[in-house]
Amino acid sequence: MRTKLLILVIIFFYSCGRKSTNETSNTDSVIKIDLLSEPESTVKVLSDFVENIEYIPLQTTESSLIGPFTLKILNIDNRIYIQNSGLEGEILCFDINGKFLFKISNKGRGPEEYDFVTDFDISSDNKILTILSSSTRKLVAYGISENGFTFQRSITLKEPVPWRVSLVPETDKAFMAIPAWLGTEPTLSLSINAVGDTIHLKPNCYKFNKIQSSQGGSRSIEGLLAYTTGDFVCFKEEFSDTVFYVDAKNSSFRPRIIFDTHGTLFTPKMKGGSEKMKNNSTTYIPKIFETSKYVFYWYYTVIVEQRIVNLYGFLFDKKTNTKYKFDVGEDRKIKLKDDLSGGPDFILEFRENRCSNGRLFSFVEALTLKKYVDSENFKNALVRDPKKKNELKKLADSLEETDNPVLIVVTPKE
């Protein structure tokens, strides 16, 4: 029985290893970013860092309705996978033109089910879906065919249960990230091999004793940063100023980005309640992702006495070592003018995973798009590509008000 189980686990991880993407990642030198330095300028329009924009209507059927928010989007080859909102744990699959293909909604406690989707990943050959369900301590694998998802196997995980899973490209290894729920976890970052054994871990250097029980739940998840860029899985632990990447050759963790926080970073003692946050100087980094040319990142500052939390968003050009600022609204969203096709503002959300395969994603409701295209703002908009503006007008006119939201895909410059 044990031999059969090991064979299944080996098949599972070999099937899930990502292939190389066209996006390249340079790890020859560590990227250094001064968190508090002044930016070169403020980015307000897409053309400042984007080379292309596409509006993709997502087919509307009873089975493909998109909820009020989405948790994660993956673009693998010519398919789009969307983790839907709600408790059903849905993952919907569309082709690159927006045609609905199939979905999985397998909520339950059975061997082929999961309680909810904590995280998910797709193999680059579009043959395996892996779902991490932390509530049931399971990693579940489904095969992907032309017609849908088919259960393959389920692996029970040990405590402490991970909250993120990322498949290390071109290997049989997976990276797991664990939230600092208790403060005493032996590790927050580890890699496992094809038989499920831990092959490398980073000892938890940020342990703390939790004095105030109300501290930390949602922040533990928010501070858990893991993403894939090009051929590399990258991660940053909650109290660290360094982004590491998984070196596939020797399974080690190596520095990729170092943030100079000038000693302001949120500390384990602050989270545990034994040390107060510094007034107007404590910083906290809730989101980072990368494309081949840019690093996108956000950070908070806190004014304790006035109970004010400020959020800032930045764009760092890795090729020129130049830092730019985004305007973050009171709703904590970044709204960028579409000066390429004249469409509505492109929204950058730091709470949702909307960067995949070197592209950024956003949504616009069908009714909102129709009203906008009929407005004087759109009619009078000066754009870089009039052809795209005409195509957007035709698309909006073809939509019903109750259709699924339109997916907006932007491709940053190389």
# chains A, B, ... in the order shown; residues from 1 in each chain; ligands from 1
$ closest_atom_pairs --of "segment 218-250 of chain A" --to "segment 290-299 of chain A" --cutoff "9 Å" --atoms "only C-alpha atoms" --output "Markdown table"
| residue | atom | partner | partner_atom | distance |
| --- | --- | --- | --- | --- |
| A:Tyr227 | CA | A:Glu290 | CA | 8.2 |
| A:Thr228 | CA | A:Glu290 | CA | 8.1 |
| A:Thr229 | CA | A:Glu290 | CA | 6.0 |
| A:Gly230 | CA | A:Ser292 | CA | 7.3 |
$ write_last_selection --atoms "C-alpha atoms" --output "tab-separated table (two decimals), in the first residue's frame"
chain	number	residue	atom	x	y	z
A	227	TYR	CA	4.23	34.20	-6.69
A	228	THR	CA	5.73	32.76	-9.88
A	229	THR	CA	7.66	34.89	-12.32
A	230	GLY	CA	9.10	33.32	-15.43
$ closest_residue --among "A:Leu129, A:Asn357, A:Pro57, A:Phe49" --to "Ser398 of chain A" --atoms "only C-alpha atoms"
A:Pro57
$ atom_distance --atom1 "atom CA of Met270 of chain A" --atom2 "atom CA of Thr301 of chain A"
13.9 Å
$ residues_around --residues "Ile199 of chain A" --least-positions-apart "6" --cutoff "9 Å" --atoms "only C-alpha atoms" --output "PyMOL selection string"
chain A and resi 173+190-193+251
$ residues_around --residues "Lys389 of chain A" --least-positions-apart "4" --cutoff "10 Å" --atoms "only C-alpha atoms" --output "PyMOL selection string"
chain A and resi 339-343+373+378-379+381-385+393-395
$ write_last_selection --atoms "N, CA and C atoms" --output "PDB file, in the first residue's frame"
ATOM      1  N   ASP A 339      -5.265  54.825 -22.151  1.00  0.00           N
ATOM      2  CA  ASP A 339      -5.007  55.720 -23.280  1.00  0.00           C
ATOM      3  C   ASP A 339      -4.595  54.933 -24.522  1.00  0.00           C
ATOM      4  N   LEU A 340      -4.691  53.608 -24.463  1.00  0.00           N
ATOM      5  CA  LEU A 340      -4.395  52.779 -25.625  1.00  0.00           C
ATOM      6  C   LEU A 340      -5.629  52.572 -26.492  1.00  0.00           C
ATOM      7  N   SER A 341      -6.776  52.263 -25.842  1.00  0.00           N
ATOM      8  CA  SER A 341      -8.008  52.021 -26.601  1.00  0.00           C
ATOM      9  C   SER A 341      -9.161  52.913 -26.160  1.00  0.00           C
ATOM     10  N   GLY A 342      -8.943  53.715 -25.124  1.00  0.00           N
ATOM     11  CA  GLY A 342      -9.986  54.648 -24.685  1.00  0.00           C
ATOM     12  C   GLY A 342     -11.005  54.053 -23.742  1.00  0.00           C
ATOM     13  N   GLY A 343     -10.778  52.837 -23.258  1.00  0.00           N
ATOM     14  CA  GLY A 343     -11.725  52.173 -22.373  1.00  0.00           C
ATOM     15  C   GLY A 343     -11.739  52.756 -20.981  1.00  0.00           C
ATOM     16  N   VAL A 373     -18.959  53.445 -22.951  1.00  0.00           N
ATOM     17  CA  VAL A 373     -18.737  53.611 -24.393  1.00  0.00           C
ATOM     18  C   VAL A 373     -19.735  54.583 -25.007  1.00  0.00           C
ATOM     19  N   PHE A 378     -15.689  58.735 -23.660  1.00  0.00           N
ATOM     20  CA  PHE A 378     -15.165  57.757 -24.612  1.00  0.00           C
ATOM     21  C   PHE A 378     -15.134  58.334 -26.027  1.00  0.00           C
ATOM     22  N   LYS A 379     -16.204  59.003 -26.426  1.00  0.00           N
ATOM     23  CA  LYS A 379     -16.270  59.543 -27.776  1.00  0.00           C
ATOM     24  C   LYS A 379     -15.152  60.545 -28.046  1.00  0.00           C
ATOM     25  N   ALA A 381     -12.231  60.652 -26.408  1.00  0.00           N
ATOM     26  CA  ALA A 381     -10.929  60.161 -25.950  1.00  0.00           C
ATOM     27  C   ALA A 381      -9.932  60.088 -27.103  1.00  0.00           C
ATOM     28  N   LEU A 382      -8.745  60.630 -26.877  1.00  0.00           N
ATOM     29  CA  LEU A 382      -7.644  60.525 -27.823  1.00  0.00           C
ATOM     30  C   LEU A 382      -6.818  59.303 -27.441  1.00  0.00           C
ATOM     31  N   VAL A 383      -6.650  58.378 -28.379  1.00  0.00           N
ATOM     32  CA  VAL A 383      -6.003  57.110 -28.052  1.00  0.00           C
ATOM     33  C   VAL A 383      -4.823  56.850 -28.979  1.00  0.00           C
ATOM     34  N   ARG A 384      -3.974  55.940 -28.566  1.00  0.00           N
ATOM     35  CA  ARG A 384      -2.808  55.582 -29.362  1.00  0.00           C
ATOM     36  C   ARG A 384      -3.159  54.600 -30.480  1.00  0.00           C
ATOM     37  N   ASP A 385      -4.278  53.885 -30.311  1.00  0.00           N
ATOM     38  CA  ASP A 385      -4.661  52.881 -31.302  1.00  0.00           C
ATOM     39  C   ASP A 385      -6.146  53.022 -31.626  1.00  0.00           C
ATOM     40  N   LYS A 393     -15.828  49.575 -29.100  1.00  0.00           N
ATOM     41  CA  LYS A 393     -17.194  50.059 -29.324  1.00  0.00           C
ATOM     42  C   LYS A 393     -18.085  48.917 -29.825  1.00  0.00           C
ATOM     43  N   LYS A 394     -17.583  48.137 -30.777  1.00  0.00           N
ATOM     44  CA  LYS A 394     -18.355  47.014 -31.309  1.00  0.00           C
ATOM     45  C   LYS A 394     -18.611  45.967 -30.226  1.00  0.00           C
ATOM     46  N   LEU A 395     -17.618  45.715 -29.405  1.00  0.00           N
ATOM     47  CA  LEU A 395     -17.779  44.740 -28.330  1.00  0.00           C
ATOM     48  C   LEU A 395     -18.849  45.190 -27.345  1.00  0.00           C
TER      49      LEU A 395
END
$ residues_around --residues "Glu330 of chain A" --least-positions-apart "4" --cutoff "10 Å" --atoms "only C-alpha atoms" --output "list in words"
Asn310, Leu311 and Ile334 of chain A
$ write_last_selection --atoms "N, CA and C atoms" --output "PDB file, in the first residue's frame"
ATOM      1  N   ASN A 310      -2.149  54.269   5.908  1.00  0.00           N
ATOM      2  CA  ASN A 310      -1.981  54.741   4.537  1.00  0.00           C
ATOM      3  C   ASN A 310      -1.393  53.629   3.681  1.00  0.00           C
ATOM      4  N   LEU A 311      -1.922  53.489   2.465  1.00  0.00           N
ATOM      5  CA  LEU A 311      -1.443  52.476   1.535  1.00  0.00           C
ATOM      6  C   LEU A 311      -0.814  53.151   0.327  1.00  0.00           C
ATOM      7  N   ILE A 334      -5.957  51.167  -7.425  1.00  0.00           N
ATOM      8  CA  ILE A 334      -5.180  51.988  -8.348  1.00  0.00           C
ATOM      9  C   ILE A 334      -5.931  52.021  -9.674  1.00  0.00           C
TER      10      ILE A 334
END
$ residues_around --residues "segment 234-243 of chain A" --least-positions-apart "2" --cutoff "7 Å" --atoms "only C-alpha atoms" --output "ChimeraX atom specification"
/A:206,223-228,232,245-246,255-259,266-268
$ atom_distance --atom1 "atom CA of Lys138 of chain A" --atom2 "atom CA of Ile91 of chain A"
16.8 Å
$ select_by_dssp --residues "segment 136-250 of chain A" --states "helix (DSSP H, G or I)" --output "NGL selection string"
:A and (136 or 217-222)
